[in-house]
Amino acid sequence: MGGLGGLLLCVLAGFGLLRAGWPAPRRWSAHDPLRLAMAPALGLGLLSLVYFAIRSVGGVGGGVAVVFFAAVALGLAGLAWWRAGSAAGETRDWAKGPAWLWWVFGAVAGVAGFTMVLVLVASPHGEWDAWSIWNLRARFLFRAVEAKVAFDPMLQWSHPDYPLLTPAAVAGLWTWNGEEAQWLAAAVAVVFWASAVSVPVLLLARLRSTVVGLTAGLALAGMPLLVRNASAMYADVVVGYFFVVAVGLCLMAVDRGAGWGVAALAGVAAGLAAWSKNEGLLFCGVLLVTFFGVVRNREEWRERWRLAGPLVAGMALVLLMVGYFKYAFAPANDLVAVGKGAAMGARLLDFSRYGVTMWGLAEGAFRFGDWVVPPLIVFGVWLGLVGVRRIDRGSIVWPLVVGGLQVVGYLFVYVAGSERLEWQLETSVERLLLQVWPTAVVGWLYLTRDSAGTQ
């Protein structure tokens, strides 16, 4: 079938999953552009889960794993077709937006995408984390007869405790291809970058307006740091994509009444964040706490609880695999290794570390993005020009609360877990902030008015 066929199968699997949980009539429907933008990356997440489950847990070869994935993709497509028979129609209630803004967004995204391709051609193996962690693990999964050798504690320098969404997805595509092909690893990086840019555009076009959506697209496509990390094949772009998808689907379920299926899909996306990087486990907790806590009235509280079961169930489906991987394959993470509890407790009581960490995060926030003008200033000016919407529902501020608490969680991880705090801050703050950047952009633009004088 080849690697390209495997990628197309991922699109089918992702679109089928979205249409099965978020049904629409069999014709092309109003939400389908958003579904299609989400589909490739979600499909790669499904491929990674199926590949790891069959290859490592089932103990059989990669060929069986990808055939099983093909069956899953076709099954999801069939389920989506069946559910479409009784689905209500979707109305298109948003304007196209000014043509000039589309042209500007297209130009910015085109330049960013072309730059990414040039970097990937020049450095097809990515930067340090790509070839020392993600692609290395993909080669182990693809080549090894016994997949457990990929997680030998002797390979501690390569962080064998890190979750496997990217490596397992790449290994699955290599299996479809019949051999290792580095362009497929690069294609995975391009898919997640393109999805991280396009999904907020289409999401906000549905939730707010096309102008607001394109503004988000410019903030994401026009960020050199996002292009640089995606070209480096770092998983921070991957986990950041699943953050914003989980938040966006929750907003569709709550504010657009999309229903329990969309809440379940949001839970799956949050679980896939945990399958992407360890930071995703923190995100799952933050998402649940804030989803049920950031409300304005009793009716909104009841609505959130009606969606609680599907959201938790979707998340649990993926977290079961994450938990099994952590228990049966991964060595202990640096933060929870035996004998480090006392040291972590002492660090938490060392209040000077809080000051150093807060200063490092603040400094990183002001130099974040590789823009000439820091994004905090740009969005602060935007807020001053257009103002804040009337906050009559907790969901209006909820995405920003999610992003803010995620950063607070990172602060405590730095304080408790970093043995070389200053060095850790210097080398990782911008990537951790990049993880929450798509969610922060969506949250900021969801909070502000469309233009001055509007509600």
# chains A, B, ... in the order shown; residues from 1 in each chain; ligands from 1
call {"tool": "residues_around", "arguments": {"residues": "Ser395 (chain A)", "least_positions_apart": "6", "cutoff": "9 Å", "atoms": "only C-alpha atoms", "output": "list in words"}}
result
Leu251, Val254, Asp255, Phe291, Val294, Val295, Arg296 and Glu300 of chain A
call {"tool": "write_last_selection", "arguments": {"atoms": "C-alpha atoms", "output": "PDB file, in the first residue's frame"}}
result
ATOM      1  CA  LEU A 251     -16.580  24.274  23.585  1.00  0.00           C
ATOM      2  CA  VAL A 254     -21.098  23.119  25.654  1.00  0.00           C
ATOM      3  CA  ASP A 255     -21.726  26.300  23.665  1.00  0.00           C
ATOM      4  CA  PHE A 291     -14.440  21.851  32.952  1.00  0.00           C
ATOM      5  CA  VAL A 294     -15.385  27.189  35.721  1.00  0.00           C
ATOM      6  CA  VAL A 295     -19.137  27.845  35.577  1.00  0.00           C
ATOM      7  CA  ARG A 296     -21.341  30.896  36.156  1.00  0.00           C
ATOM      8  CA  GLU A 300     -24.311  25.601  33.292  1.00  0.00           C
TER       9      GLU A 300
END
call {"tool": "residues_around", "arguments": {"residues": "region 260-267 of chain A", "least_positions_apart": "2", "cutoff": "7 Å", "atoms": "only C-alpha atoms", "output": "list in words"}}
result
Gly21, Trp22, Val245, Ala246, Leu249, Cys250, Ala253, Ala258, Ala269, Ala270, Gly271, Leu307, Pro310, Leu311, Val312, Ala313, Gly314 and Met315 of chain A
call {"tool": "closest_residue", "arguments": {"among": "A:Leu385, A:Leu317, A:Ala71, A:Ala232", "to": "Asp129 (chain A)", "atoms": "only C-alpha atoms"}}
result
A:Ala232
call {"tool": "residues_around", "arguments": {"residues": "Phe366 (chain A)", "least_positions_apart": "5", "cutoff": "10 Å", "atoms": "only C-alpha atoms", "output": "PyMOL selection string"}}
result
chain A and resi 361+371+373-377
call {"tool": "write_last_selection", "arguments": {"atoms": "N, CA, C and O atoms", "output": "short mmCIF file (atom, residue, chain, number, x, y, z; two decimals), in the first residue's frame"}}
result
data_model
loop_
_atom_site.label_atom_id
_atom_site.label_comp_id
_atom_site.auth_asym_id
_atom_site.auth_seq_id
_atom_site.Cartn_x
_atom_site.Cartn_y
_atom_site.Cartn_z
N LEU A 361 9.75 31.83 33.92
CA LEU A 361 8.54 31.73 33.10
C LEU A 361 8.15 33.10 32.54
O LEU A 361 7.75 33.22 31.38
N TRP A 371 9.03 36.52 17.73
CA TRP A 371 8.47 37.69 17.07
C TRP A 371 9.30 38.92 17.43
O TRP A 371 9.98 38.97 18.45
N VAL A 373 7.93 41.82 18.14
CA VAL A 373 7.19 42.31 19.30
C VAL A 373 6.63 41.10 20.04
O VAL A 373 6.00 40.24 19.42
N PRO A 374 6.85 40.96 21.35
CA PRO A 374 6.36 39.79 22.08
C PRO A 374 4.86 39.61 21.94
O PRO A 374 4.10 40.60 21.93
N PRO A 375 4.39 38.36 21.81
CA PRO A 375 2.95 38.11 21.67
C PRO A 375 2.11 38.68 22.80
O PRO A 375 0.97 39.09 22.58
N LEU A 376 2.66 38.71 24.04
CA LEU A 376 1.89 39.28 25.15
C LEU A 376 1.53 40.74 24.88
O LEU A 376 0.43 41.19 25.21
N ILE A 377 2.46 41.48 24.28
CA ILE A 377 2.18 42.88 23.96
C ILE A 377 1.18 42.99 22.82
O ILE A 377 0.24 43.79 22.86
#
call {"tool": "atom_distance", "arguments": {"atom1": "CA of Ile133 (chain A)", "atom2": "CA of Ala168 (chain A)"}}
result
12.0 Å
call {"tool": "atom_distance", "arguments": {"atom1": "CA of Phe105 (chain A)", "atom2": "CA of Thr166 (chain A)"}}
result
28.2 Å
